[in-house]
$ cat final.tsv   # TSV, C-alpha atoms
chain	number	residue	atom	x	y	z
X	1	MET	CA	78.73	96.92	93.97
X	2	LYS	CA	80.01	97.37	97.50
X	3	THR	CA	83.13	99.45	98.08
X	4	TYR	CA	85.20	100.71	100.98
X	5	THR	CA	86.79	104.16	101.12
X	6	PHE	CA	89.90	104.44	103.28
X	7	HIS	CA	91.58	107.54	104.71
X	8	ILE	CA	95.33	106.97	105.02
X	9	SER	CA	97.51	109.23	107.15
X	10	ILE	CA	101.18	108.99	108.10
X	11	GLN	CA	101.96	108.98	111.80
X	12	ASP	CA	105.16	111.02	111.38
X	13	MET	CA	103.62	113.43	108.83
X	14	PRO	CA	100.16	114.47	110.09
X	15	ASP	CA	99.60	116.91	107.22
X	16	THR	CA	100.01	114.19	104.57
X	17	TRP	CA	96.98	112.03	103.78
X	18	ARG	CA	95.31	110.14	100.93
X	19	THR	CA	91.92	108.53	100.30
X	20	VAL	CA	91.43	105.42	98.19
X	21	GLU	CA	88.41	103.29	97.28
X	22	LEU	CA	88.38	99.51	96.77
X	23	THR	CA	85.73	96.88	96.19
X	24	SER	CA	84.68	94.52	98.94
X	25	GLN	CA	86.22	91.56	97.08
X	26	GLN	CA	89.63	93.15	96.78
X	27	THR	CA	92.26	92.21	99.33
X	28	LEU	CA	94.62	93.82	101.80
X	29	ARG	CA	97.33	93.36	99.18
X	30	ASP	CA	95.23	95.49	96.82
X	31	LEU	CA	94.91	98.11	99.55
X	32	HIS	CA	98.68	97.99	100.06
X	33	VAL	CA	99.24	98.54	96.31
X	34	ALA	CA	96.71	101.40	96.29
X	35	ILE	CA	98.52	103.15	99.16
X	36	GLN	CA	101.86	102.79	97.38
X	37	GLU	CA	100.39	104.15	94.14
X	38	ALA	CA	98.79	107.06	95.98
X	39	LEU	CA	102.25	107.97	97.33
X	40	ASP	CA	103.98	107.44	93.95
X	41	TRP	CA	106.14	104.75	95.48
X	42	GLU	CA	107.72	101.86	93.61
X	43	PRO	CA	106.09	98.43	94.16
X	44	ASP	CA	107.51	96.69	97.22
X	45	ASP	CA	105.88	94.00	99.34
X	46	ASP	CA	107.83	94.56	102.57
X	47	MET	CA	104.67	95.42	104.50
X	48	ALA	CA	102.22	94.38	107.19
X	49	PHE	CA	98.67	95.22	108.22
X	50	PHE	CA	97.53	94.93	111.83
X	51	VAL	CA	93.78	94.71	112.30
X	52	GLY	CA	92.20	94.97	115.75
X	53	GLU	CA	91.27	97.32	118.56
X	54	ASN	CA	94.89	97.38	119.77
X	55	PRO	CA	96.67	96.48	116.52
X	56	LEU	CA	100.23	95.90	117.77
X	57	GLU	CA	99.18	94.17	120.98
X	58	ASP	CA	96.39	91.79	120.00
X	59	GLY	CA	95.56	92.56	116.37
X	60	GLU	CA	95.62	90.08	113.51
X	61	GLN	CA	98.72	90.48	111.34
X	62	PHE	CA	98.67	90.20	107.55
X	63	THR	CA	101.86	90.12	105.48
X	64	LEU	CA	103.17	89.22	102.02
X	65	ASP	CA	106.08	87.17	100.79
X	66	ASP	CA	108.82	89.26	99.20
X	67	ASP	CA	108.42	89.40	95.40
X	68	TRP	CA	112.02	90.28	94.53
X	69	ASP	CA	115.04	87.96	94.36
X	70	ASP	CA	117.46	88.11	97.27
X	71	GLU	CA	120.70	87.73	95.35
X	72	ASP	CA	122.91	87.98	98.41
X	73	GLY	CA	120.81	85.60	100.50
X	74	GLU	CA	120.53	88.18	103.28
X	75	ASP	CA	116.93	87.27	104.12
X	76	ASP	CA	117.79	83.58	104.33
X	77	GLU	CA	120.73	84.35	106.63
X	78	PHE	CA	118.58	86.49	108.91
X	79	ASP	CA	115.84	83.83	109.06
X	80	ALA	CA	118.49	81.26	109.97
X	81	LEU	CA	119.77	83.57	112.71
X	82	LEU	CA	116.30	83.93	114.21
X	83	ALA	CA	115.81	80.16	114.11
X	84	GLU	CA	118.95	79.69	116.22
X	85	ILE	CA	117.86	82.08	118.97
X	86	PRO	CA	116.19	80.16	121.82
X	87	PRO	CA	113.26	81.54	123.81
X	88	PHE	CA	113.87	82.74	127.34
X	89	ASP	CA	114.64	79.90	129.74
X	90	LEU	CA	112.35	81.00	132.55
X	91	ASP	CA	111.54	77.67	134.20
X	92	ASP	CA	107.97	77.99	135.50
X	93	ALA	CA	107.59	81.73	134.90
X	94	ASP	CA	104.97	82.96	132.45
X	95	ARG	CA	106.37	83.60	128.99
X	96	PRO	CA	105.93	87.21	127.79
X	97	GLU	CA	103.29	87.67	125.09
X	98	SER	CA	104.10	91.19	123.87
X	99	MET	CA	107.03	93.57	123.49
X	100	GLU	CA	105.92	95.55	126.54
X	101	GLU	CA	106.00	92.35	128.60
X	102	VAL	CA	109.46	91.55	127.20
X	103	LEU	CA	110.71	94.97	128.32
X	104	ALA	CA	109.11	94.55	131.74
X	105	LEU	CA	110.77	91.15	132.04
X	106	LEU	CA	114.19	92.53	131.14
X	107	GLU	CA	113.79	95.32	133.67
X	108	SER	CA	112.81	92.97	136.51
X	109	ASN	CA	114.52	89.64	135.79
X	110	PRO	CA	118.35	89.54	135.98
X	111	GLU	CA	118.44	86.02	134.50
X	112	ALA	CA	116.52	87.15	131.39
X	113	ARG	CA	118.82	90.17	131.04
X	114	ALA	CA	121.83	87.87	131.21
X	115	GLN	CA	120.38	85.67	128.47
X	116	VAL	CA	119.77	88.67	126.20
X	117	ARG	CA	123.28	89.97	126.94
X	118	GLN	CA	124.75	86.65	125.85
X	119	MET	CA	122.53	86.63	122.76
X	120	LEU	CA	123.83	90.06	121.75
X	121	ILE	CA	127.42	88.87	122.15
X	122	ASP	CA	127.06	85.45	120.52
X	123	GLN	CA	124.47	86.09	117.81
X	124	MET	CA	125.15	89.71	116.86
X	125	GLY	CA	128.83	90.11	117.71
X	126	VAL	CA	128.22	93.00	120.11
X	127	PRO	CA	131.12	93.61	122.52
X	128	GLY	CA	130.30	92.89	126.14
X	129	PHE	CA	130.67	96.50	127.31
X	130	MET	CA	128.34	97.64	124.51
X	131	ALA	CA	125.77	94.99	125.44
X	132	ASP	CA	125.84	96.29	129.02
X	133	MET	CA	125.28	99.86	127.81
X	134	MET	CA	122.43	98.79	125.55
X	135	LEU	CA	120.71	96.87	128.34
X	136	GLY	CA	121.09	99.97	130.49
X	137	SER	CA	118.74	101.73	128.10
X	138	LEU	CA	116.13	99.17	127.06
X	139	ARG	CA	114.15	101.47	124.81
X	140	SER	CA	117.30	102.18	122.83
X	141	LEU	CA	117.85	98.44	122.61
X	142	MET	CA	114.45	97.99	121.00
X	143	GLU	CA	115.27	100.63	118.39
X	144	MET	CA	118.65	99.12	117.58
X	145	LEU	CA	117.76	95.44	117.26
X	146	PRO	CA	116.53	94.14	113.88
X	147	GLU	CA	112.74	94.11	113.72
X	148	GLY	CA	111.34	90.89	115.12
X	149	LEU	CA	114.46	89.75	116.98
X	150	LEU	CA	113.08	90.13	120.49
X	151	ALA	CA	109.65	89.13	119.25
X	152	GLY	CA	111.09	85.69	118.58
X	153	LEU	CA	111.97	85.44	122.26
X	154	ALA	CA	108.51	86.29	123.48
X	155	GLY	CA	106.72	83.13	122.36
X	156	GLY	CA	102.98	82.88	121.84
X	157	GLU	CA	103.08	85.21	118.85
X	158	SER	CA	100.33	84.45	116.35
X	159	GLU	CA	101.32	83.51	112.84
X	160	ALA	CA	100.80	86.19	110.21
X	161	GLN	CA	98.03	85.64	107.67
X	162	ASP	CA	98.28	86.13	103.93
X	163	ALA	CA	97.30	89.66	102.86
X	164	SER	CA	96.83	88.50	99.27
X	165	THR	CA	93.86	86.30	100.20
X	166	ALA	CA	92.27	88.43	102.94
X	167	THR	CA	89.34	90.21	101.28
X	168	LEU	CA	88.03	93.45	102.72
X	169	GLU	CA	84.58	91.87	103.01
X	170	ALA	CA	85.95	89.01	105.12
X	171	LEU	CA	87.45	91.48	107.61
X	172	GLU	CA	83.93	92.70	108.52
X	173	LEU	CA	85.06	96.31	108.54
X	174	ALA	CA	82.83	99.08	109.89
X	175	PRO	CA	82.84	102.85	109.31
X	176	GLY	CA	85.43	104.50	111.53
X	177	GLN	CA	87.36	101.29	112.09
X	178	ARG	CA	91.14	101.70	112.02
X	179	MET	CA	94.05	99.53	110.95
X	180	LEU	CA	97.79	99.96	111.22
X	181	TYR	CA	99.79	99.67	108.00
X	182	MET	CA	103.57	99.34	108.32
X	183	PHE	CA	106.03	99.45	105.47
X	184	GLY	CA	109.71	98.78	104.92
X	185	ALA	CA	112.89	98.70	106.94
X	186	ASP	CA	112.41	102.41	107.67
X	187	ASP	CA	109.31	101.42	109.66
X	188	TRP	CA	106.85	103.81	108.03
X	189	ARG	CA	103.57	103.66	109.97
X	190	PHE	CA	100.20	104.63	108.55
X	191	ASP	CA	96.80	104.96	110.20
X	192	VAL	CA	94.19	103.48	107.84
X	193	ARG	CA	90.61	104.42	108.70
X	194	VAL	CA	87.41	103.21	107.05
X	195	GLU	CA	85.92	106.51	105.92
X	196	ALA	CA	82.85	105.15	104.14
X	197	ILE	CA	81.15	101.97	102.93
X	198	ASN	CA	79.12	102.31	99.74
X	199	GLU	CA	76.64	99.53	99.02
X	200	ALA	CA	75.72	100.93	95.59
X	201	ALA	CA	79.01	102.03	94.05
X	202	GLU	CA	79.60	102.37	90.30
X	203	ASP	CA	80.41	98.95	88.88
X	204	ASP	CA	82.08	100.22	85.71
X	205	ALA	CA	85.01	101.93	87.48
X	206	PHE	CA	88.48	100.42	87.64
X	207	TYR	CA	89.34	99.84	91.28
X	208	PRO	CA	91.32	100.71	93.36
X	209	LEU	CA	90.56	104.41	92.88
X	210	ILE	CA	92.78	107.15	94.27
X	211	LEU	CA	90.23	109.78	95.29
X	212	ASP	CA	91.95	112.63	97.08
X	213	GLY	CA	94.94	113.65	99.13
X	214	ASP	CA	97.13	116.41	100.45
X	215	GLY	CA	100.67	116.89	101.63
X	216	PRO	CA	103.96	115.67	100.19
X	217	ALA	CA	104.69	111.95	100.00
X	218	PRO	CA	107.66	110.86	102.11
X	219	GLN	CA	110.79	109.46	100.54
X	220	GLN	CA	110.20	105.73	100.16
X	221	TYR	CA	113.69	104.70	101.25
X	222	ALA	CA	115.94	106.80	103.44
X	223	ALA	CA	119.53	107.12	102.27
X	224	GLU	CA	121.26	104.18	103.92
X	225	ASP	CA	124.21	106.08	105.33
X	226	GLU	CA	122.05	108.93	106.58
X	227	GLU	CA	119.62	106.51	108.20
X	228	GLU	CA	122.35	104.60	110.00
X	229	ASP	CA	124.03	107.81	111.19
X	230	GLN	CA	120.78	109.16	112.59
X	231	ARG	CA	119.90	105.85	114.19
X	232	PHE	CA	123.21	105.35	115.97
X	233	ASN	CA	123.58	109.03	116.92
X	234	TRP	CA	120.20	108.86	118.59
X	235	ILE	CA	121.10	105.65	120.41
X	236	TRP	CA	124.43	107.06	121.65
X	237	GLU	CA	122.69	110.23	122.83
X	238	GLU	CA	120.19	108.12	124.78
X	239	LEU	CA	122.93	105.98	126.30
X	240	GLU	CA	125.06	108.99	127.25
X	241	GLU	CA	122.05	110.76	128.74
X	242	ASP	CA	121.18	107.71	130.86
X	243	GLU	CA	124.82	107.42	132.00
X	244	PHE	CA	124.87	111.11	132.94
X	245	GLU	CA	121.66	110.77	134.95
X	246	ASP	CA	123.09	107.75	136.79
X	247	GLU	CA	126.20	109.74	137.77
X	248	GLU	CA	124.01	112.50	139.22
$ encode --input "final.tsv" --output "structure tokens"
Amino acid sequence: MKTYTFHISIQDMPDTWRTVELTSQQTLRDLHVAIQEALDWEPDDDMAFFVGENPLEDGEQFTLDDDWDDEDGEDDEFDALLAEIPPFDLDDADRPESMEEVLALLESNPEARAQVRQMLIDQMGVPGFMADMMLGSLRSLMEMLPEGLLAGLAGGESEAQDASTATLEALELAPGQRMLYMFGADDWRFDVRVEAINEAAEDDAFYPLILDGDGPAPQQYAAEDEEEDQRFNWIWEELEEDEFEDEE
């Protein structure tokens, strides 16, 4: 039996890591479940894998449909909001293909900035003065917007594939190859590296196997109030710092 051993490390917690082993016919969803089990997290399918040399720029994306019921319809409302947001009206200009290109466009194109300003006011209810402050610090804007909002403006974004049908064998993984695994609204990011490929693994074991690990597991969900306070405090600090530098 052929198996893959993965070394999983957390970008924000370099001393925390785990190793898991899966068969070649198991899927990225199985790897996702193994990572969650290795961290003693509750099952949750709010995740994505990015596979490629530059995962976030040109990698293939694999996701899962949410398994839980959305009683309040929040996901449906957010999807409807995204559907209403038009792409940039740039006439004959090239449409941005990545978030870095979106940022570069906003920095250099006043018309695009005006469109995003109006989007913030109309679609998100942001006061005009606040929209101006946010656009004055574009990196802060990226942190504050819901994940995927500006991505919908970029155009050309490849459709995510189904992690539940993507077998490890089909990915043609090689030793040392890396993937990016992202989880949840808190944007946990994990480096997933192929540590070993075993062509003659035990066929009587129950896979996935959690092999080893060290370091404390992070809290799966940050306290909502604490998260929002930290997020907005950081944004205000960035905005105030930029305003202070402009005055100098």
$ atom_distance --input "final.tsv" --atom1 "atom CA of Met133 of chain X" --atom2 "atom CA of Ser108 of chain X"
16.7 Å
$ atom_distance --input "final.tsv" --atom1 "atom CA of Gly59 of chain X" --atom2 "atom CA of Trp188 of chain X"
18.0 Å
$ closest_residue --input "final.tsv" --among "X:Ala205, X:Leu135, X:Met182, X:Ala104" --to "Gln118 of chain X" --atoms "all atoms listed in the file"
X:Leu135
$ residues_around --input "final.tsv" --residues "segment 32-37 of chain X" --least-positions-apart "6" --cutoff "9 Å" --atoms "all atoms listed in the file" --output "JSON, numbers by chain"
{"X": [8, 18, 19, 20, 21, 22, 43, 44, 45, 47, 48, 49, 163, 181, 208, 209, 210]}
$ closest_residue --input "final.tsv" --among "X:Arg178, X:Arg193, X:His7, X:Lys2" --to "Gly213 of chain X" --atoms "only C-alpha atoms"
X:His7
$ atom_distance --input "final.tsv" --atom1 "atom CA of Ala217 of chain X" --atom2 "atom CA of Gln161 of chain X"
28.2 Å
$ closest_residue --input "final.tsv" --among "X:Leu211, X:Val192, X:Met179, X:Leu171" --to "Ser24 of chain X" --atoms "only C-alpha atoms"
X:Leu171
$ closest_residue --input "final.tsv" --among "X:Ala166, X:Glu199, X:Val116, X:Tyr207" --to "Val51 of chain X" --atoms "only C-alpha atoms"
X:Ala166
